[in-house]
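Shown next: data_4.csv, given as CSV, C-alpha atoms.
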chain,number,residue,atom,x,y,z
A,1,MET,CA,2.5,-24.0,37.5
A,2,ASN,CA,0.6,-22.0,34.8
A,3,ARG,CA,1.9,-22.3,31.3
A,4,THR,CA,2.1,-19.1,29.3
A,5,ILE,CA,2.2,-18.4,25.6
A,6,THR,CA,3.1,-15.3,23.6
A,7,ILE,CA,0.5,-14.0,21.2
A,8,LEU,CA,1.8,-11.9,18.3
A,9,TYR,CA,-0.4,-9.6,16.2
A,10,PHE,CA,0.4,-8.1,12.8
A,11,ALA,CA,-1.0,-5.6,10.3
A,12,TRP,CA,-4.6,-4.4,11.0
A,13,VAL,CA,-5.0,-6.9,13.8
A,14,ARG,CA,-2.1,-5.2,15.6
A,15,GLU,CA,-3.4,-1.7,14.8
A,16,ARG,CA,-7.0,-2.4,16.0
A,17,LEU,CA,-5.8,-4.1,19.2
A,18,GLY,CA,-3.2,-1.3,19.8
A,19,LYS,CA,-0.5,-3.8,20.7
A,20,ASP,CA,1.9,-6.1,18.8
A,21,GLN,CA,2.1,-8.8,21.4
A,22,GLU,CA,1.0,-10.1,24.8
A,23,ILE,CA,1.8,-13.0,27.1
A,24,VAL,CA,-1.2,-14.9,28.3
A,25,ASP,CA,-1.7,-17.7,30.8
A,26,LEU,CA,-2.7,-20.9,29.0
A,27,PRO,CA,-5.5,-22.7,31.0
A,28,ASP,CA,-5.5,-26.5,31.0
A,29,SER,CA,-8.8,-26.4,29.2
A,30,ALA,CA,-7.2,-24.6,26.2
A,31,VAL,CA,-6.1,-27.6,24.0
A,32,THR,CA,-6.5,-26.2,20.5
A,33,VAL,CA,-5.8,-22.9,18.8
A,34,ALA,CA,-9.6,-22.3,18.7
A,35,ASP,CA,-9.7,-22.8,22.5
A,36,LEU,CA,-7.0,-20.2,23.0
A,37,ILE,CA,-8.7,-17.7,20.7
A,38,GLY,CA,-11.9,-18.3,22.8
A,39,CYS,CA,-9.9,-17.2,25.9
A,40,LEU,CA,-8.6,-14.1,24.1
A,41,ILE,CA,-12.1,-13.2,23.0
A,42,GLU,CA,-13.2,-13.3,26.6
A,43,SER,CA,-10.3,-11.0,27.7
A,44,SER,CA,-11.6,-7.7,26.4
A,45,ALA,CA,-14.2,-6.0,24.2
A,46,ASP,CA,-11.4,-5.1,21.7
A,47,HIS,CA,-10.3,-8.7,21.4
A,48,ARG,CA,-14.0,-9.7,20.8
A,49,GLU,CA,-14.4,-7.1,18.1
A,50,VAL,CA,-11.1,-7.9,16.3
A,51,LEU,CA,-11.4,-11.7,16.5
A,52,LYS,CA,-15.1,-11.9,15.6
A,53,ASN,CA,-14.6,-13.0,12.0
A,54,LEU,CA,-12.0,-15.8,12.2
A,55,GLU,CA,-12.4,-16.7,8.5
A,56,LYS,CA,-10.7,-13.3,7.8
A,57,LEU,CA,-7.6,-14.3,9.9
A,58,ARG,CA,-4.7,-16.6,9.6
A,59,PHE,CA,-2.8,-18.4,12.5
A,60,ALA,CA,0.8,-19.5,12.9
A,61,LEU,CA,2.0,-21.7,15.8
A,62,ASP,CA,5.7,-21.4,16.3
A,63,GLN,CA,6.0,-19.8,12.8
A,64,ASP,CA,4.1,-22.5,10.9
A,65,PHE,CA,0.6,-21.9,9.5
A,66,VAL,CA,-2.0,-23.9,11.4
A,67,SER,CA,-5.8,-24.3,11.3
A,68,LEU,CA,-8.0,-23.6,14.3
A,69,ASP,CA,-8.3,-27.2,15.3
A,70,GLN,CA,-4.5,-27.6,15.7
A,71,ALA,CA,-3.4,-28.7,19.2
A,72,ILE,CA,-1.2,-26.1,20.9
A,73,GLY,CA,1.0,-28.7,22.6
A,74,SER,CA,4.3,-27.2,23.8
A,75,ALA,CA,4.2,-24.2,21.4
A,76,LYS,CA,5.7,-20.9,22.6
A,77,GLU,CA,4.2,-18.5,20.2
A,78,LEU,CA,0.8,-18.0,18.4
A,79,ALA,CA,0.7,-15.3,15.7
A,80,ILE,CA,-2.7,-13.9,14.5
A,81,PHE,CA,-2.8,-11.9,11.3
A,82,PRO,CA,-4.7,-11.2,8.1
A,83,PRO,CA,-4.0,-13.1,4.9
A,84,VAL,CA,-0.5,-12.3,3.7
A,85,THR,CA,0.1,-9.8,0.8
A,86,GLY,CA,3.8,-9.8,0.1
A,87,GLY,CA,5.8,-10.1,-3.2
B,1,MET,CA,23.6,-21.5,-3.2
B,2,ILE,CA,20.6,-20.2,-1.4
B,3,LYS,CA,20.6,-16.5,-0.5
B,4,ILE,CA,17.7,-15.0,1.5
B,5,LEU,CA,17.7,-11.4,2.6
B,6,VAL,CA,15.0,-9.3,4.2
B,7,GLN,CA,16.1,-5.7,4.4
B,8,ARG,CA,15.1,-2.1,4.4
B,9,ASP,CA,17.8,-1.1,1.9
B,10,ASN,CA,17.5,-1.3,-1.9
B,11,PHE,CA,19.2,-4.2,-3.8
B,12,ASP,CA,21.5,-4.1,-6.9
B,13,ILE,CA,20.3,-6.7,-9.5
B,14,GLY,CA,23.7,-6.4,-11.3
B,15,VAL,CA,25.6,-7.5,-8.2
B,16,GLU,CA,23.1,-10.2,-7.4
B,17,THR,CA,23.1,-11.5,-11.0
B,18,THR,CA,26.9,-11.6,-11.2
B,19,GLU,CA,27.1,-13.7,-8.0
B,20,ILE,CA,24.8,-16.4,-9.5
B,21,ALA,CA,26.4,-16.1,-13.0
B,22,LYS,CA,29.8,-17.0,-11.4
B,23,LEU,CA,28.4,-20.5,-10.7
B,24,GLY,CA,28.4,-21.0,-14.5
B,25,GLY,CA,24.9,-22.5,-15.0
B,26,GLY,CA,24.3,-20.7,-18.2
B,27,ALA,CA,20.6,-20.0,-17.6
B,28,LEU,CA,19.4,-17.2,-15.3
B,29,ALA,CA,15.9,-15.9,-14.7
B,30,SER,CA,15.0,-13.0,-12.6
B,31,PHE,CA,11.9,-11.0,-11.5
B,32,ILE,CA,11.7,-7.6,-9.8
B,33,GLY,CA,8.5,-6.4,-8.2
B,34,GLN,CA,8.2,-2.6,-7.7
B,35,VAL,CA,5.7,-0.2,-6.1
B,36,ARG,CA,3.1,0.5,-8.7
B,37,ALA,CA,1.7,4.0,-9.2
B,38,ASP,CA,-1.9,3.2,-8.4
B,39,ASN,CA,-4.7,5.8,-8.0
B,40,GLY,CA,-2.8,8.4,-6.0
B,41,LEU,CA,-0.6,5.9,-4.1
B,42,HIS,CA,2.3,7.6,-2.4
B,43,THR,CA,4.0,4.9,-0.3
B,44,LEU,CA,3.7,1.2,0.4
B,45,GLU,CA,4.5,0.3,4.0
B,46,LEU,CA,5.8,-3.3,4.2
B,47,GLU,CA,5.4,-5.1,7.5
B,48,HIS,CA,6.6,-8.7,8.3
B,49,TYR,CA,6.9,-11.4,11.0
B,50,PRO,CA,10.7,-11.7,11.1
B,51,ALA,CA,11.1,-15.2,12.6
B,52,MET,CA,8.5,-16.7,10.3
B,53,THR,CA,9.6,-14.8,7.2
B,54,GLU,CA,13.0,-16.3,7.3
B,55,LYS,CA,11.6,-19.8,7.8
B,56,SER,CA,9.1,-19.3,5.0
B,57,LEU,CA,11.5,-17.9,2.4
B,58,HIS,CA,14.0,-20.6,3.1
B,59,ALA,CA,11.4,-23.3,2.6
B,60,ILE,CA,10.4,-21.7,-0.7
B,61,ALA,CA,14.0,-21.5,-1.9
B,62,GLU,CA,14.9,-25.0,-0.8
B,63,HIS,CA,11.9,-26.5,-2.6
B,64,ALA,CA,12.6,-24.6,-5.8
B,65,LYS,CA,16.2,-25.5,-5.7
B,66,ALA,CA,15.5,-29.2,-5.3
B,67,HIS,CA,12.6,-29.4,-7.6
B,68,TRP,CA,14.2,-27.6,-10.6
B,69,ASN,CA,17.7,-28.7,-9.8
B,70,LEU,CA,19.0,-25.1,-9.5
B,71,HIS,CA,22.5,-24.0,-8.9
B,72,ALA,CA,21.3,-21.0,-7.0
B,73,ILE,CA,18.4,-19.0,-5.9
B,74,THR,CA,18.4,-15.5,-4.4
B,75,ILE,CA,15.3,-14.0,-2.8
B,76,ILE,CA,15.6,-10.4,-1.5
B,77,HIS,CA,12.4,-8.8,0.0
B,78,ARG,CA,12.4,-5.2,1.3
B,79,VAL,CA,10.4,-4.0,4.3
B,80,GLY,CA,9.6,-0.6,5.7
B,81,PRO,CA,8.2,2.5,3.8
B,82,LEU,CA,8.7,2.2,0.0
B,83,PRO,CA,7.7,5.1,-2.4
B,84,VAL,CA,6.2,4.6,-5.8
B,85,GLY,CA,8.8,3.1,-8.2
B,86,ASP,CA,10.9,1.6,-5.6
B,87,ASN,CA,12.0,-2.1,-5.7
B,88,ILE,CA,10.1,-4.4,-3.4
B,89,VAL,CA,11.3,-7.9,-4.2
B,90,LEU,CA,13.9,-9.7,-6.3
B,91,VAL,CA,14.1,-13.4,-7.2
B,92,ILE,CA,16.9,-14.7,-9.3
B,93,THR,CA,17.3,-18.4,-10.3
B,94,GLY,CA,20.3,-20.1,-11.9
B,95,SER,CA,20.2,-23.4,-13.7
B,96,ASP,CA,21.6,-25.3,-16.7
B,97,HIS,CA,18.4,-24.8,-18.6
B,98,ARG,CA,16.1,-21.9,-19.5
B,99,GLN,CA,12.8,-23.5,-18.6
B,100,ALA,CA,13.9,-24.7,-15.2
B,101,ALA,CA,15.2,-21.2,-14.3
B,102,ILE,CA,12.0,-19.5,-15.5
B,103,ASP,CA,9.6,-21.9,-13.9
B,104,ALA,CA,11.5,-21.9,-10.6
B,105,CYS,CA,11.5,-18.1,-10.5
B,106,SER,CA,7.8,-18.0,-11.3
B,107,TYR,CA,7.1,-20.6,-8.6
B,108,ALA,CA,9.0,-18.7,-6.0
B,109,MET,CA,7.1,-15.5,-6.7
B,110,ASP,CA,3.7,-17.3,-6.5
B,111,GLN,CA,4.6,-18.8,-3.2
B,112,LEU,CA,6.0,-15.5,-1.9
B,113,LYS,CA,2.7,-13.8,-2.4
B,114,THR,CA,0.7,-16.4,-0.6
B,115,VAL,CA,2.7,-18.0,2.2
B,116,ALA,CA,5.5,-15.5,3.2
B,117,PRO,CA,4.2,-13.4,6.2
B,118,PHE,CA,4.5,-9.9,4.6
B,119,TRP,CA,1.7,-7.3,4.7
B,120,LYS,CA,1.4,-4.2,2.6
B,121,LYS,CA,-0.3,-1.0,3.7
B,122,GLU,CA,-1.1,1.6,1.0
B,123,GLN,CA,-0.6,5.3,1.9
B,124,PHE,CA,-2.3,7.7,-0.5
B,125,ASP,CA,-1.5,11.3,-1.5
B,126,ASN,CA,-4.7,12.5,0.2
B,127,GLY,CA,-3.6,11.0,3.6
B,128,ARG,CA,-5.9,7.9,3.4
B,129,SER,CA,-4.3,4.6,4.1
B,130,GLU,CA,-5.5,1.0,3.6
B,131,TRP,CA,-4.2,-2.5,4.1
B,132,VAL,CA,-3.9,-4.5,0.8
B,133,GLN,CA,-6.3,-7.5,0.7
B,134,GLU,CA,-5.4,-10.9,-0.6
B,135,ARG,CA,-6.2,-11.6,-4.2
B,136,GLN,CA,-7.9,-14.8,-5.3
B,137,SER,CA,-5.8,-14.8,-8.5
B,138,ASP,CA,-2.7,-15.0,-6.4
B,139,LEU,CA,-4.1,-17.9,-4.4
B,140,GLN,CA,-5.0,-19.7,-7.6
B,141,ALA,CA,-1.6,-19.1,-9.2
B,142,ALA,CA,0.2,-20.6,-6.1
B,143,LYS,CA,-2.2,-23.6,-6.0
B,144,ASN,CA,-1.6,-24.4,-9.7
B,145,TRP,CA,1.9,-25.5,-8.8
B,146,ASP,CA,0.4,-28.3,-6.7
B,147,ASP,CA,-1.1,-30.1,-9.7

Go ahead and express the file in the form of structure tokens.
Amino acid sequence: MNRTITILYFAWVRERLGKDQEIVDLPDSAVTVADLIGCLIESSADHREVLKNLEKLRFALDQDFVSLDQAIGSAKELAIFPPVTGG
Amino acid sequence: MIKILVQRDNFDIGVETTEIAKLGGGALASFIGQVRADNGLHTLELEHYPAMTEKSLHAIAEHAKAHWNLHAITIIHRVGPLPVGDNIVLVITGSDHRQAAIDACSYAMDQLKTVAPFWKKEQFDNGRSEWVQERQSDLQAAKNWDD
């Protein structure tokens, strides 16, 4: 059975993709966050454009900041967003 | 006491201060951040990631409370469209001692700006809009607490 994961987008990432979330199949080959981002980049020209400069983006796996080499494990949710600017 | 609120509505610093004052610590520090009238700015739109915001603000409050031995910490952050002059964020800390209250309040604000998942979009009078970018000075301020 295919595993799925919910991808959430915020701020300009959300605006440029024109969606705030999507549910994607997680192939067995996708072990780390970087692997999953690789799959997203393959999924459309918009994804490729928005996700081309990964150093400008931040990632949270099940609501905790992670780096690209973090293993996805059994996480349910990956959020992709620009650096935060609250306060 | 730890009180965390993320809301569209304004807050009342008097009400929030009284709540912490009742605990009898004797030293309260507070900070209010407001929408600054920058170069034709009309409104700030505040977006957040609700599940992570809650987790992140609780982690900040719990660390501050334990590290500075606070009686109480209140963090209220607003979201949605906020016109110039409106309140954005409130932090109040209550302690037995002045320096602990002030340092904990300052720490909470520095963390808020760098780890809590909020994003600001500036809407200008001329119709232009722009996402606010992270500031190196904010990152450095947050990092200084690690030393």

Find the distance between atom CA of Arg36 of chain B and atom CA of Pro83 of chain B and write it in Å to one decimal.
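Atom-to-atom, atom CA of Arg36 of chain B to atom CA of Pro83 of chain B, that is 9.1 Å.
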
Mind giving me the straight-line distance from atom CA of Thr32 of chain A to atom CA of Val84 of chain A in Å, one decimal?
22.6 Å

Pick from A:Leu36, A:Arg48, A:Ile5, A:Glu55: nearest to Val24 of chain A, with all atoms listed in the file counted?
A:Ile5

Quick one: residues within 6 Å of segment 69-73 of chain B, all atoms listed in the file counted, chain neighbours fewer than 3 positions away excluded, as JSON, numbers by chain?
{"B": [1, 2, 65, 66, 92, 93, 94, 95]}

Residue list for chain B near chain A as number ranges by chain, 10 Å, all atoms listed in the file
B: 32-34, 46-56, 76-79, 88-91, 108-121, 130-135, 138

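Minimum atom-to-atom distance to Arg14 of chain A, evaluated using all atoms listed in the file, belongs to A:Val50 out of A:Val50, A:Leu26, A:Cys39, A:Ala45.
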
Interatomic distance between atom CA of Trp145 of chain B and atom CA of Val6 of chain B?
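Value for the atom CA of Trp145 of chain B-atom CA of Val6 of chain B distance: 24.6 Å.
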
So, counting only C-alpha atoms, which residue among B:Gly40, B:Gly85, B:Ile4, B:Phe11 is closest to Arg128 of chain B?
B:Gly40

How big is the axis-aligned box around the listed atoms of segment 126-140 of chain B once 3 Å is added on each side, and where is its centre? Give both in Å to one decimal, as AutoDock Vina command-line options.
--center_x -5.3 --center_y -3.6 --center_z -2.2 --size_x 11.2 --size_y 38.2 --size_z 18.6

For Ser67 of chain A, work out the shell of residues within 12 Å, counting only C-alpha atoms and skipping chain neighbours fewer than 4 positions away, then give it as a list in words.
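Contacts, in chain order: Thr32, Val33, Ala34, Asp35, Ile37, Leu54, Glu55, Leu57, Arg58, Phe59, Ala60, Leu61, Ala71, Ile72, Leu78, Ala79 and Ile80 of chain A.
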
Expected file content for segment 37-67 of chain A, N, CA, C and O atoms, as a short mmCIF file (atom, residue, chain, number, x, y, z; two decimals), in the first residue's frame:
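Now in decode.cif:
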data_model
loop_
_atom_site.label_atom_id
_atom_site.label_comp_id
_atom_site.auth_asym_id
_atom_site.auth_seq_id
_atom_site.Cartn_x
_atom_site.Cartn_y
_atom_site.Cartn_z
N ILE A 37 11.30 16.41 -1.70
CA ILE A 37 11.31 17.67 -2.47
C ILE A 37 11.65 17.37 -3.93
O ILE A 37 11.08 17.95 -4.85
N GLY A 38 12.57 16.42 -4.13
CA GLY A 38 12.94 16.00 -5.48
C GLY A 38 11.71 15.50 -6.25
O GLY A 38 11.51 15.85 -7.41
N CYS A 39 10.87 14.71 -5.58
CA CYS A 39 9.63 14.20 -6.20
C CYS A 39 8.70 15.35 -6.56
O CYS A 39 8.08 15.37 -7.63
N LEU A 40 8.58 16.34 -5.62
CA LEU A 40 7.69 17.48 -5.86
C LEU A 40 8.17 18.29 -7.07
O LEU A 40 7.36 18.71 -7.90
N ILE A 41 9.48 18.47 -7.15
CA ILE A 41 10.06 19.24 -8.26
C ILE A 41 9.73 18.58 -9.60
O ILE A 41 9.46 19.26 -10.59
N GLU A 42 9.68 17.25 -9.60
CA GLU A 42 9.36 16.51 -10.83
C GLU A 42 7.88 16.64 -11.21
O GLU A 42 7.49 16.35 -12.33
N SER A 43 7.03 17.04 -10.22
CA SER A 43 5.58 16.92 -10.45
C SER A 43 5.00 18.03 -11.32
O SER A 43 3.93 17.85 -11.90
N SER A 44 5.64 19.19 -11.39
CA SER A 44 5.11 20.24 -12.29
C SER A 44 6.15 21.34 -12.49
O SER A 44 7.09 21.48 -11.69
N ALA A 45 5.94 22.13 -13.53
CA ALA A 45 6.86 23.25 -13.81
C ALA A 45 6.77 24.30 -12.70
O ALA A 45 7.78 24.90 -12.32
N ASP A 46 5.57 24.51 -12.14
CA ASP A 46 5.42 25.47 -11.04
C ASP A 46 6.24 25.04 -9.83
O ASP A 46 6.94 25.85 -9.21
N HIS A 47 6.14 23.74 -9.48
CA HIS A 47 6.92 23.24 -8.35
C HIS A 47 8.42 23.44 -8.60
O HIS A 47 9.15 23.87 -7.71
N ARG A 48 8.83 23.14 -9.84
CA ARG A 48 10.26 23.27 -10.17
C ARG A 48 10.71 24.72 -9.97
O ARG A 48 11.76 24.98 -9.41
N GLU A 49 9.87 25.66 -10.40
CA GLU A 49 10.20 27.07 -10.31
C GLU A 49 10.26 27.53 -8.83
O GLU A 49 11.22 28.16 -8.40
N VAL A 50 9.22 27.18 -8.08
CA VAL A 50 9.12 27.67 -6.69
C VAL A 50 10.17 27.02 -5.79
O VAL A 50 10.69 27.65 -4.87
N LEU A 51 10.50 25.77 -6.07
CA LEU A 51 11.41 25.02 -5.18
C LEU A 51 12.86 25.02 -5.68
O LEU A 51 13.67 24.23 -5.22
N LYS A 52 13.17 25.94 -6.62
CA LYS A 52 14.52 25.86 -7.21
C LYS A 52 15.61 26.37 -6.27
O LYS A 52 16.73 25.91 -6.35
N ASN A 53 15.27 27.34 -5.41
CA ASN A 53 16.30 27.84 -4.48
C ASN A 53 15.98 27.37 -3.07
O ASN A 53 15.36 28.09 -2.28
N LEU A 54 16.42 26.19 -2.74
CA LEU A 54 16.04 25.60 -1.44
C LEU A 54 16.64 26.35 -0.26
O LEU A 54 16.11 26.30 0.84
N GLU A 55 17.74 27.08 -0.51
CA GLU A 55 18.34 27.83 0.61
C GLU A 55 17.43 28.98 1.05
O GLU A 55 17.60 29.53 2.14
N LYS A 56 16.47 29.36 0.20
CA LYS A 56 15.53 30.43 0.57
C LYS A 56 14.31 29.88 1.30
O LYS A 56 13.39 30.63 1.63
N LEU A 57 14.26 28.57 1.50
CA LEU A 57 13.08 27.94 2.09
C LEU A 57 13.42 27.27 3.42
O LEU A 57 14.58 26.98 3.71
N ARG A 58 12.38 27.07 4.22
CA ARG A 58 12.51 26.34 5.49
C ARG A 58 11.51 25.19 5.46
O ARG A 58 10.49 25.26 4.77
N PHE A 59 11.81 24.14 6.26
CA PHE A 59 10.99 22.94 6.22
C PHE A 59 10.63 22.50 7.64
O PHE A 59 11.45 22.57 8.55
N ALA A 60 9.38 22.06 7.81
CA ALA A 60 8.96 21.55 9.11
C ALA A 60 8.27 20.20 8.88
O ALA A 60 7.38 20.08 8.04
N LEU A 61 8.73 19.20 9.62
CA LEU A 61 8.16 17.86 9.53
C LEU A 61 7.34 17.65 10.80
O LEU A 61 7.87 17.74 11.92
N ASP A 62 6.05 17.40 10.62
CA ASP A 62 5.13 17.30 11.77
C ASP A 62 5.35 18.45 12.76
O ASP A 62 5.48 18.25 13.97
N GLN A 63 5.43 19.65 12.22
CA GLN A 63 5.49 20.91 13.00
C GLN A 63 6.81 21.18 13.72
O GLN A 63 6.87 22.03 14.61
N ASP A 64 7.89 20.47 13.34
CA ASP A 64 9.21 20.80 13.88
C ASP A 64 10.15 21.13 12.72
O ASP A 64 10.18 20.42 11.73
N PHE A 65 10.94 22.21 12.90
CA PHE A 65 11.92 22.56 11.87
C PHE A 65 12.86 21.38 11.62
O PHE A 65 13.32 20.74 12.58
N VAL A 66 13.14 21.11 10.35
CA VAL A 66 14.10 20.05 10.02
C VAL A 66 15.00 20.54 8.88
O VAL A 66 14.66 21.49 8.16
N SER A 67 16.14 19.86 8.73
CA SER A 67 17.00 20.14 7.59
C SER A 67 16.66 19.14 6.48
O SER A 67 15.92 18.16 6.70
#
